[in-house]
file run.csv (CSV, C-alpha atoms)
chain,number,residue,atom,x,y,z
A,1,MET,CA,109.9,-159.1,-69.4
A,2,LYS,CA,111.0,-158.8,-73.0
A,3,VAL,CA,114.3,-157.0,-73.2
A,4,CYS,CA,115.6,-155.7,-76.5
A,5,TYR,CA,119.1,-154.3,-76.8
A,6,LEU,CA,118.5,-151.6,-79.4
A,7,GLY,CA,122.0,-150.3,-79.3
A,8,THR,CA,125.2,-152.0,-77.9
A,9,GLY,CA,128.0,-149.5,-78.6
A,10,ALA,CA,129.8,-147.1,-76.4
A,11,ALA,CA,129.7,-143.3,-76.8
A,12,GLU,CA,131.4,-143.2,-80.2
A,13,GLY,CA,129.5,-146.0,-81.8
A,14,ILE,CA,131.1,-148.6,-84.1
A,15,PRO,CA,132.4,-147.7,-86.6
A,16,ALA,CA,133.3,-144.6,-84.6
A,17,LEU,CA,132.0,-141.4,-86.1
A,18,PHE,CA,135.3,-139.7,-86.8
A,19,CYS,CA,137.7,-142.7,-86.6
A,20,LYS,CA,140.0,-144.1,-89.3
A,21,CYS,CA,141.5,-147.0,-87.3
A,22,SER,CA,141.9,-150.3,-89.0
A,23,TYR,CA,139.0,-151.9,-87.0
A,24,CYS,CA,136.5,-149.1,-87.8
A,25,GLU,CA,137.5,-149.1,-91.5
A,26,GLY,CA,137.1,-152.9,-91.5
A,27,VAL,CA,133.6,-152.7,-90.0
A,28,ARG,CA,132.6,-150.1,-92.6
A,29,VAL,CA,133.4,-152.8,-95.2
A,30,ARG,CA,132.0,-155.8,-93.4
A,31,GLY,CA,128.9,-154.3,-91.8
A,32,GLY,CA,126.6,-156.8,-90.1
A,33,LYS,CA,126.5,-157.3,-86.3
A,34,GLU,CA,129.8,-155.4,-85.8
A,35,VAL,CA,128.0,-152.2,-86.5
A,36,ARG,CA,126.9,-150.8,-83.2
A,37,SER,CA,124.8,-147.8,-82.3
A,38,ARG,CA,124.8,-146.1,-78.9
A,39,ALA,CA,123.4,-148.1,-76.0
A,40,GLN,CA,119.7,-148.3,-75.3
A,41,VAL,CA,117.6,-151.1,-73.8
A,42,LEU,CA,113.8,-151.3,-74.4
A,43,ILE,CA,111.7,-153.4,-72.0
A,44,ASP,CA,108.2,-154.7,-72.8
A,45,GLY,CA,108.0,-152.0,-75.5
A,46,GLU,CA,107.1,-149.4,-72.9
A,47,LEU,CA,110.2,-148.8,-70.7
A,48,SER,CA,113.5,-147.5,-72.0
A,49,VAL,CA,116.7,-147.6,-70.1
A,50,ASP,CA,118.6,-144.5,-71.4
A,51,PHE,CA,117.8,-142.5,-74.5
A,52,PRO,CA,120.8,-141.9,-76.8
A,53,PRO,CA,121.1,-139.7,-79.9
A,54,ASP,CA,120.5,-142.9,-82.0
A,55,ALA,CA,117.0,-143.3,-80.6
A,56,PHE,CA,115.4,-142.2,-83.9
A,57,PHE,CA,117.5,-144.7,-85.8
A,58,HIS,CA,116.6,-147.4,-83.3
A,59,ALA,CA,112.9,-146.8,-83.7
A,60,ALA,CA,113.2,-146.7,-87.5
A,61,ARG,CA,115.3,-149.9,-87.7
A,62,SER,CA,113.4,-152.0,-85.1
A,63,GLY,CA,109.9,-150.9,-85.9
A,64,ALA,CA,109.3,-150.1,-82.2
A,65,ASP,CA,106.7,-147.5,-81.5
A,66,PHE,CA,108.5,-145.0,-79.4
A,67,SER,CA,105.4,-143.0,-78.8
A,68,ALA,CA,104.3,-146.0,-76.7
A,69,ILE,CA,107.2,-145.6,-74.3
A,70,LYS,CA,105.7,-144.6,-71.0
A,71,TYR,CA,108.8,-144.7,-68.7
A,72,LEU,CA,112.5,-143.8,-69.1
A,73,LEU,CA,115.2,-144.7,-66.6
A,74,VAL,CA,118.3,-142.6,-67.1
A,75,THR,CA,121.6,-143.9,-65.7
A,76,HIS,CA,123.4,-140.6,-66.0
A,77,SER,CA,123.5,-137.3,-68.0
A,78,HIS,CA,126.2,-138.1,-70.6
A,79,MET,CA,125.1,-137.3,-74.1
A,80,ASP,CA,125.3,-140.9,-75.3
A,81,HIS,CA,122.9,-142.0,-72.6
A,82,PHE,CA,120.5,-139.1,-72.4
A,83,TYR,CA,120.0,-137.0,-75.6
A,84,ALA,CA,117.3,-134.7,-74.1
A,85,HIS,CA,117.0,-132.5,-77.2
A,86,ASP,CA,114.7,-135.1,-78.8
A,87,PHE,CA,111.9,-134.6,-76.3
A,88,VAL,CA,111.0,-131.3,-77.7
A,89,LEU,CA,109.5,-133.4,-80.6
A,90,ARG,CA,107.2,-135.5,-78.4
A,91,GLY,CA,103.9,-133.8,-79.4
A,92,TYR,CA,102.5,-130.8,-81.3
A,93,LYS,CA,102.9,-131.2,-85.0
A,94,TYR,CA,106.1,-133.2,-84.6
A,95,GLY,CA,104.3,-136.2,-83.0
A,96,ARG,CA,100.6,-136.5,-83.3
A,97,ASP,CA,98.4,-138.9,-81.2
A,98,PRO,CA,101.1,-140.7,-79.2
A,99,ALA,CA,100.2,-144.1,-78.0
A,100,SER,CA,101.1,-143.1,-74.5
A,101,PRO,CA,99.8,-139.6,-73.6
A,102,THR,CA,102.5,-139.1,-70.9
A,103,LEU,CA,106.2,-139.9,-70.4
A,104,ASP,CA,107.7,-140.4,-67.0
A,105,ILE,CA,111.4,-139.8,-66.8
A,106,PHE,CA,113.4,-141.0,-63.8
A,107,GLY,CA,117.0,-139.7,-63.2
A,108,ASN,CA,119.2,-137.9,-60.7
A,109,ARG,CA,119.5,-134.2,-60.2
A,110,GLU,CA,122.2,-133.8,-62.9
A,111,VAL,CA,120.0,-135.6,-65.4
A,112,ARG,CA,117.1,-133.2,-64.5
A,113,GLU,CA,119.4,-130.2,-65.0
A,114,VAL,CA,120.5,-131.5,-68.4
A,115,PHE,CA,116.9,-132.0,-69.4
A,116,GLU,CA,116.0,-128.5,-68.5
A,117,GLU,CA,119.0,-127.0,-70.2
A,118,CYS,CA,118.6,-128.9,-73.5
A,119,THR,CA,114.8,-128.3,-73.8
A,120,ARG,CA,114.6,-124.7,-72.5
A,121,ARG,CA,114.6,-123.0,-75.9
A,122,GLU,CA,112.3,-125.3,-77.9
A,123,LEU,CA,110.0,-127.2,-75.6
A,124,ARG,CA,106.4,-126.1,-76.2
A,125,GLN,CA,104.1,-125.9,-73.2
A,126,GLU,CA,101.7,-128.5,-74.5
A,127,ILE,CA,104.5,-131.0,-74.9
A,128,ALA,CA,106.0,-130.1,-71.5
A,129,GLN,CA,102.7,-130.9,-69.8
A,130,SER,CA,102.9,-134.5,-71.0
A,131,ILE,CA,106.5,-135.1,-69.7
A,132,ARG,CA,106.9,-135.7,-65.9
A,133,PHE,CA,110.4,-135.8,-64.4
A,134,HIS,CA,111.0,-137.7,-61.2
A,135,THR,CA,114.3,-137.1,-59.3
A,136,VAL,CA,115.4,-140.4,-57.8
A,137,THR,CA,118.0,-141.0,-55.1
A,138,ALA,CA,120.1,-144.0,-54.3
A,139,PHE,CA,118.5,-146.9,-52.4
A,140,GLN,CA,115.0,-145.5,-52.5
A,141,PRO,CA,112.7,-147.9,-54.4
A,142,PHE,CA,110.0,-146.3,-56.6
A,143,THR,CA,107.1,-147.8,-58.5
A,144,PHE,CA,105.5,-147.1,-61.9
A,145,GLY,CA,103.1,-149.3,-63.9
A,146,GLY,CA,103.8,-152.8,-62.8
A,147,TYR,CA,107.5,-152.2,-62.1
A,148,THR,CA,109.5,-151.5,-59.0
A,149,ALA,CA,112.9,-150.0,-59.5
A,150,VAL,CA,115.8,-148.8,-57.3
A,151,ALA,CA,118.7,-146.7,-58.3
A,152,LEU,CA,122.1,-147.9,-57.0
A,153,PRO,CA,125.4,-146.1,-56.9
A,154,ALA,CA,127.8,-146.8,-59.8
A,155,ARG,CA,131.4,-145.9,-60.4
A,156,HIS,CA,131.5,-143.8,-63.6
A,157,SER,CA,131.5,-140.0,-63.0
A,158,SER,CA,131.2,-137.5,-60.1
A,159,LYS,CA,127.6,-136.7,-60.9
A,160,GLU,CA,125.8,-139.4,-59.0
A,161,PRO,CA,125.7,-142.1,-61.8
A,162,PHE,CA,123.3,-144.9,-61.2
A,163,VAL,CA,122.7,-148.5,-62.2
A,164,TYR,CA,119.2,-149.9,-61.8
A,165,LEU,CA,117.6,-153.0,-60.3
A,166,LEU,CA,114.2,-153.5,-61.9
A,167,GLN,CA,111.5,-156.0,-60.8
A,168,LYS,CA,108.2,-157.0,-62.4
A,169,ASP,CA,106.0,-160.0,-62.0
A,170,ASN,CA,108.6,-161.8,-59.9
A,171,LYS,CA,111.3,-161.2,-62.6
A,172,ARG,CA,114.4,-159.3,-61.7
A,173,TYR,CA,116.6,-157.4,-64.1
A,174,LEU,CA,119.9,-155.8,-63.0
A,175,HIS,CA,121.3,-153.1,-65.4
A,176,LEU,CA,125.0,-152.5,-64.8
A,177,CYS,CA,125.9,-149.8,-67.5
A,178,ASP,CA,127.8,-147.4,-67.4
A,179,THR,CA,130.0,-148.3,-64.5
A,180,GLY,CA,133.3,-149.7,-63.4
A,181,LEU,CA,133.7,-152.1,-60.5
A,182,LEU,CA,130.7,-151.6,-58.2
A,183,PRO,CA,131.1,-149.7,-54.9
A,184,GLN,CA,130.7,-151.8,-51.7
A,185,GLU,CA,127.4,-150.0,-50.8
A,186,THR,CA,125.8,-151.4,-53.9
A,187,TYR,CA,126.7,-155.0,-53.1
A,188,ASP,CA,125.5,-154.4,-49.5
A,189,TYR,CA,122.1,-153.2,-50.6
A,190,LEU,CA,121.6,-156.0,-53.1
A,191,ALA,CA,122.6,-158.7,-50.6
A,192,SER,CA,120.3,-157.3,-48.0
A,193,ASN,CA,117.2,-156.6,-50.1
A,194,LEU,CA,117.0,-159.5,-52.7
A,195,SER,CA,116.0,-162.9,-51.5
A,196,ASP,CA,116.1,-164.5,-55.0
A,197,PRO,CA,118.7,-164.4,-57.8
A,198,CYS,CA,118.3,-162.0,-60.8
A,199,ASP,CA,116.9,-163.5,-64.0
A,200,LEU,CA,119.0,-161.2,-66.2
A,201,ILE,CA,122.1,-159.0,-65.6
A,202,THR,CA,123.5,-156.7,-68.2
A,203,PHE,CA,127.2,-155.8,-67.8
A,204,ASP,CA,129.2,-152.9,-69.1
A,205,CYS,CA,132.0,-154.5,-71.1
A,206,THR,CA,133.5,-151.4,-72.8
A,207,PHE,CA,137.1,-152.6,-72.6
A,208,LEU,CA,136.4,-156.3,-73.4
A,209,TRP,CA,139.8,-158.1,-73.3
A,210,GLU,CA,141.8,-155.1,-72.3
A,211,GLU,CA,143.1,-155.2,-68.7
A,212,GLY,CA,143.3,-152.1,-66.4
A,213,SER,CA,143.0,-150.8,-62.9
A,214,GLY,CA,139.9,-151.2,-60.7
A,215,ALA,CA,139.5,-147.4,-60.7
A,216,ARG,CA,138.2,-147.3,-64.2
A,217,ARG,CA,134.8,-145.8,-65.2
A,218,HIS,CA,133.9,-148.9,-67.3
A,219,MET,CA,134.6,-152.6,-67.2
A,220,GLY,CA,136.2,-155.3,-69.2
A,221,LEU,CA,135.8,-159.1,-69.1
A,222,LYS,CA,138.0,-159.6,-66.0
A,223,ASP,CA,136.1,-156.8,-64.2
A,224,ASN,CA,132.8,-158.5,-65.2
A,225,ALA,CA,134.1,-161.8,-63.8
A,226,GLU,CA,134.9,-160.1,-60.5
A,227,VAL,CA,131.5,-158.6,-60.3
A,228,MET,CA,129.9,-161.9,-61.2
A,229,LEU,CA,131.8,-163.6,-58.3
A,230,ARG,CA,130.7,-160.9,-55.8
A,231,LEU,CA,127.1,-161.1,-57.0
A,232,THR,CA,127.2,-164.9,-56.8
A,233,GLU,CA,128.4,-164.7,-53.2
A,234,CYS,CA,125.5,-162.3,-52.5
A,235,GLY,CA,123.1,-164.9,-53.9
A,236,LEU,CA,122.1,-162.8,-56.9
A,237,ILE,CA,123.4,-165.1,-59.6
A,238,SER,CA,122.2,-168.7,-60.1
A,239,PRO,CA,122.9,-171.2,-62.8
A,240,ASN,CA,119.7,-169.9,-64.5
A,241,THR,CA,120.8,-166.2,-64.5
A,242,LYS,CA,121.3,-164.9,-68.0
A,243,LYS,CA,124.5,-162.7,-68.2
A,244,VAL,CA,124.8,-160.3,-71.1
A,245,ILE,CA,127.8,-158.1,-72.0
A,246,THR,CA,127.4,-154.9,-74.0
A,247,HIS,CA,128.5,-151.2,-74.4
A,248,PHE,CA,131.5,-152.1,-76.5
A,249,SER,CA,134.1,-149.5,-77.6
A,250,HIS,CA,135.7,-149.6,-81.0
A,251,ASN,CA,139.1,-149.5,-79.1
A,252,SER,CA,138.4,-153.0,-77.9
A,253,ALA,CA,137.8,-154.3,-81.4
A,254,PRO,CA,134.7,-156.4,-80.6
A,255,SER,CA,134.8,-158.6,-83.6
A,256,CYS,CA,132.5,-161.6,-83.9
A,257,GLU,CA,135.5,-163.9,-83.3
A,258,SER,CA,136.6,-162.0,-80.2
A,259,LEU,CA,133.0,-162.0,-78.7
A,260,ASN,CA,132.5,-165.7,-79.5
A,261,ARG,CA,135.7,-166.4,-77.5
A,262,ALA,CA,134.3,-164.2,-74.6
A,263,GLU,CA,131.0,-166.1,-74.6
A,264,LYS,CA,132.8,-169.5,-74.3
A,265,GLU,CA,135.4,-168.4,-71.7
A,266,TYR,CA,133.1,-166.3,-69.4
A,267,GLY,CA,129.7,-168.0,-69.9
A,268,VAL,CA,128.1,-164.8,-71.1
A,269,LEU,CA,126.0,-163.6,-74.1
A,270,ALA,CA,127.5,-160.9,-76.2
A,271,ALA,CA,124.8,-158.4,-77.1
A,272,TYR,CA,124.3,-157.1,-80.7
A,273,ASP,CA,122.0,-154.4,-81.9
A,274,GLY,CA,118.5,-155.7,-82.0
A,275,MET,CA,119.1,-158.8,-79.8
A,276,GLU,CA,116.1,-159.8,-77.7
A,277,ILE,CA,115.8,-161.8,-74.5
A,278,GLU,CA,112.7,-162.8,-72.7
A,279,ILE,CA,112.7,-163.6,-69.0
call {"tool": "encode", "arguments": {"input": "run.csv", "output": "structure tokens"}}
result
Amino acid sequence: MKVCYLGTGAAEGIPALFCKCSYCEGVRVRGGKEVRSRAQVLIDGELSVDFPPDAFFHAARSGADFSAIKYLLVTHSHMDHFYAHDFVLRGYKYGRDPASPTLDIFGNREVREVFEECTRRELRQEIAQSIRFHTVTAFQPFTFGGYTAVALPARHSSKEPFVYLLQKDNKRYLHLCDTGLLPQETYDYLASNLSDPCDLITFDCTFLWEEGSGARRHMGLKDNAEVMLRLTECGLISPNTKKVITHFSHNSAPSCESLNRAEKEYGVLAAYDGMEIEI
């Protein structure tokens, strides 16, 4: 699997759209890797995990062919992870001769409702026929192309948010965004159904160094460490498992210096927009 972190920011991006805090103002001056668009992961050029309002920018900046995306896994319906309005442009005179004639979207019932609500007024029938929505439920594996995926309960909102376990060619990727500390049922499933460690795990690290309660909807580094320990106890992390932190908020001031420190102290890789990992 080739995994590209097209966007690594939280909902507001960095610098935050309407923010005048000292960190955002500094990023506007410095630019570089501290500029972060909304979170999106592209796998093998054909599978996207989430689809934010920055997808157009991601395609233009990276050179990726988004018409070649065949599959979309949606974690939850929040706008920064599922900007469904863009799909009215997937065909007709807006998008000619796409590399993939169809797009399969996988998400929960709330995601499906948001898709229907956002596209109802403008989605032409000839485009609608090329988009297939699949409602997924927790703990029920599903297959597409050469992938097998399973949606797992997350702790983020009341609308059945999911994280995903993805497998292809004996490679295992665990996507843990957006979520706070994982519910016990997710650990139980992973411990019972995986016989080998994951090759790559992506962790929500919205709060970075900030400490808080275990009831939060996102994680920071100490939360990540707790999840890593639990996953190691379940046999899902080995010395060869790559661990990536992402989904940073401007409130956590994720400067290069701060992230370098996190990498050294927690044994992780801090994602930046455009970072690629192959497993």
call {"tool": "closest_residue", "arguments": {"input": "run.csv", "among": "A:Arg38, A:Arg124, A:His175, A:Lys70", "to": "Gly91 in chain A", "atoms": "only C-alpha atoms"}}
result
A:Arg124
call {"tool": "atom_distance", "arguments": {"input": "run.csv", "atom1": "CA of Ala253 in chain A", "atom2": "CA of Tyr23 in chain A"}}
result
6.2 Å
call {"tool": "atom_distance", "arguments": {"input": "run.csv", "atom1": "CA of Pro15 in chain A", "atom2": "CA of Phe87 in chain A"}}
result
26.4 Å
call {"tool": "residues_around", "arguments": {"input": "run.csv", "residues": "Leu174 in chain A", "least_positions_apart": "2", "cutoff": "9 Å", "atoms": "only C-alpha atoms", "output": "ChimeraX atom specification"}}
result
/A:163-167,172,176,198-203
call {"tool": "write_last_selection", "arguments": {"input": "run.csv", "atoms": "C-alpha atoms", "output": "mmCIF file, in the frame of the given file"}}
result
data_model
loop_
_atom_site.group_PDB
_atom_site.id
_atom_site.type_symbol
_atom_site.label_atom_id
_atom_site.label_comp_id
_atom_site.auth_asym_id
_atom_site.auth_seq_id
_atom_site.Cartn_x
_atom_site.Cartn_y
_atom_site.Cartn_z
ATOM 1 C CA VAL A 163 122.700 -148.500 -62.200
ATOM 2 C CA TYR A 164 119.200 -149.900 -61.800
ATOM 3 C CA LEU A 165 117.600 -153.000 -60.300
ATOM 4 C CA LEU A 166 114.200 -153.500 -61.900
ATOM 5 C CA GLN A 167 111.500 -156.000 -60.800
ATOM 6 C CA ARG A 172 114.400 -159.300 -61.700
ATOM 7 C CA LEU A 176 125.000 -152.500 -64.800
ATOM 8 C CA CYS A 198 118.300 -162.000 -60.800
ATOM 9 C CA ASP A 199 116.900 -163.500 -64.000
ATOM 10 C CA LEU A 200 119.000 -161.200 -66.200
ATOM 11 C CA ILE A 201 122.100 -159.000 -65.600
ATOM 12 C CA THR A 202 123.500 -156.700 -68.200
ATOM 13 C CA PHE A 203 127.200 -155.800 -67.800
#
call {"tool": "residues_around", "arguments": {"input": "run.csv", "residues": "Thr119 in chain A", "least_positions_apart": "3", "cutoff": "8 Å", "atoms": "all atoms listed in the file", "output": "list in words"}}
result
Ala84, His85, Phe87, Val88, Phe115, Glu116, Glu122 and Leu123 of chain A
call {"tool": "residues_around", "arguments": {"input": "run.csv", "residues": "Lys168 in chain A", "least_positions_apart": "3", "cutoff": "8 Å", "atoms": "only C-alpha atoms", "output": "number ranges by chain"}}
result
A: 1, 146-148, 171-172
call {"tool": "atom_distance", "arguments": {"input": "run.csv", "atom1": "CA of Ala60 in chain A", "atom2": "CA of Gly45 in chain A"}}
result
14.1 Å
call {"tool": "closest_residue", "arguments": {"input": "run.csv", "among": "A:Val136, A:Ile127, A:Val114, A:Val268", "to": "Asn240 in chain A", "atoms": "only C-alpha atoms"}}
result
A:Val268
call {"tool": "closest_residue", "arguments": {"input": "run.csv", "among": "A:Arg90, A:Pro153, A:Thr241, A:Glu233", "to": "Gln125 in chain A", "atoms": "only C-alpha atoms"}}
result
A:Arg90
call {"tool": "closest_atom_pairs", "arguments": {"input": "run.csv", "of": "range 20-59 of chain A", "to": "range 104-113 of chain A", "cutoff": "10 Å", "atoms": "only C-alpha atoms", "output": "Markdown table"}}
result
| residue | atom | partner | partner_atom | distance |
| --- | --- | --- | --- | --- |
| A:Leu47 | CA | A:Asp104 | CA | 9.5 |
| A:Ser48 | CA | A:Ile105 | CA | 9.5 |
| A:Val49 | CA | A:Phe106 | CA | 9.7 |
| A:Asp50 | CA | A:Gly107 | CA | 9.6 |
call {"tool": "closest_residue", "arguments": {"input": "run.csv", "among": "A:Ser67, A:Tyr94, A:Gly13, A:Gly274", "to": "Asp54 in chain A", "atoms": "only C-alpha atoms"}}
result
A:Gly13
call {"tool": "residues_around", "arguments": {"input": "run.csv", "residues": "Ile131 in chain A", "least_positions_apart": "3", "cutoff": "6 Å", "atoms": "only C-alpha atoms", "output": "list of chain:residue names"}}
result
A:Thr102, A:Leu103, A:Ala128
call {"tool": "closest_residue", "arguments": {"input": "run.csv", "among": "A:Arg28, A:His81, A:His58, A:His76", "to": "Glu160 in chain A", "atoms": "only C-alpha atoms"}}
result
A:His76
call {"tool": "residues_around", "arguments": {"input": "run.csv", "residues": "Leu259 in chain A", "least_positions_apart": "4", "cutoff": "10 Å", "atoms": "all atoms listed in the file", "output": "ChimeraX atom specification"}}
result
/A:208-209,245,253-255,263-265,268-271
call {"tool": "closest_atom_pairs", "arguments": {"input": "run.csv", "of": "range 98-216 of chain A", "to": "range 222-227 of chain A", "cutoff": "12 Å", "atoms": "all atoms listed in the file", "output": "CSV"}}
result
residue,atom,partner,partner_atom,distance
A:Leu176,CA,A:Asn224,CA,9.8
A:Cys177,CA,A:Asn224,CA,11.3
A:Thr179,CA,A:Asp223,CA,10.5
A:Gly180,CA,A:Asp223,CA,7.7
A:Leu181,CA,A:Asp223,CA,6.4
A:Leu182,CA,A:Val227,CA,7.4
A:Pro183,CA,A:Val227,CA,10.4
A:Gln184,CA,A:Val227,CA,11.0
A:Thr186,CA,A:Val227,CA,11.2
A:Tyr187,CA,A:Val227,CA,9.4
A:Ile201,CA,A:Asn224,CA,10.7
A:Thr202,CA,A:Asn224,CA,9.9
A:Phe203,CA,A:Asn224,CA,6.7
A:Asp204,CA,A:Asn224,CA,7.7
A:Cys205,CA,A:Asn224,CA,7.2
A:Thr206,CA,A:Asn224,CA,10.4
A:Phe207,CA,A:Asp223,CA,9.4
A:Leu208,CA,A:Lys222,CA,8.3
A:Trp209,CA,A:Lys222,CA,7.7
A:Glu210,CA,A:Lys222,CA,8.6
A:Glu211,CA,A:Lys222,CA,7.3
A:Gly212,CA,A:Asp223,CA,8.9
A:Ser213,CA,A:Asp223,CA,9.2
A:Gly214,CA,A:Asp223,CA,7.6
A:Ala215,CA,A:Asp223,CA,10.6
A:Arg216,CA,A:Asp223,CA,9.7
call {"tool": "closest_residue", "arguments": {"input": "run.csv", "among": "A:Ser158, A:Gly7, A:Thr143, A:Ala151", "to": "Arg61 in chain A", "atoms": "only C-alpha atoms"}}
result
A:Gly7
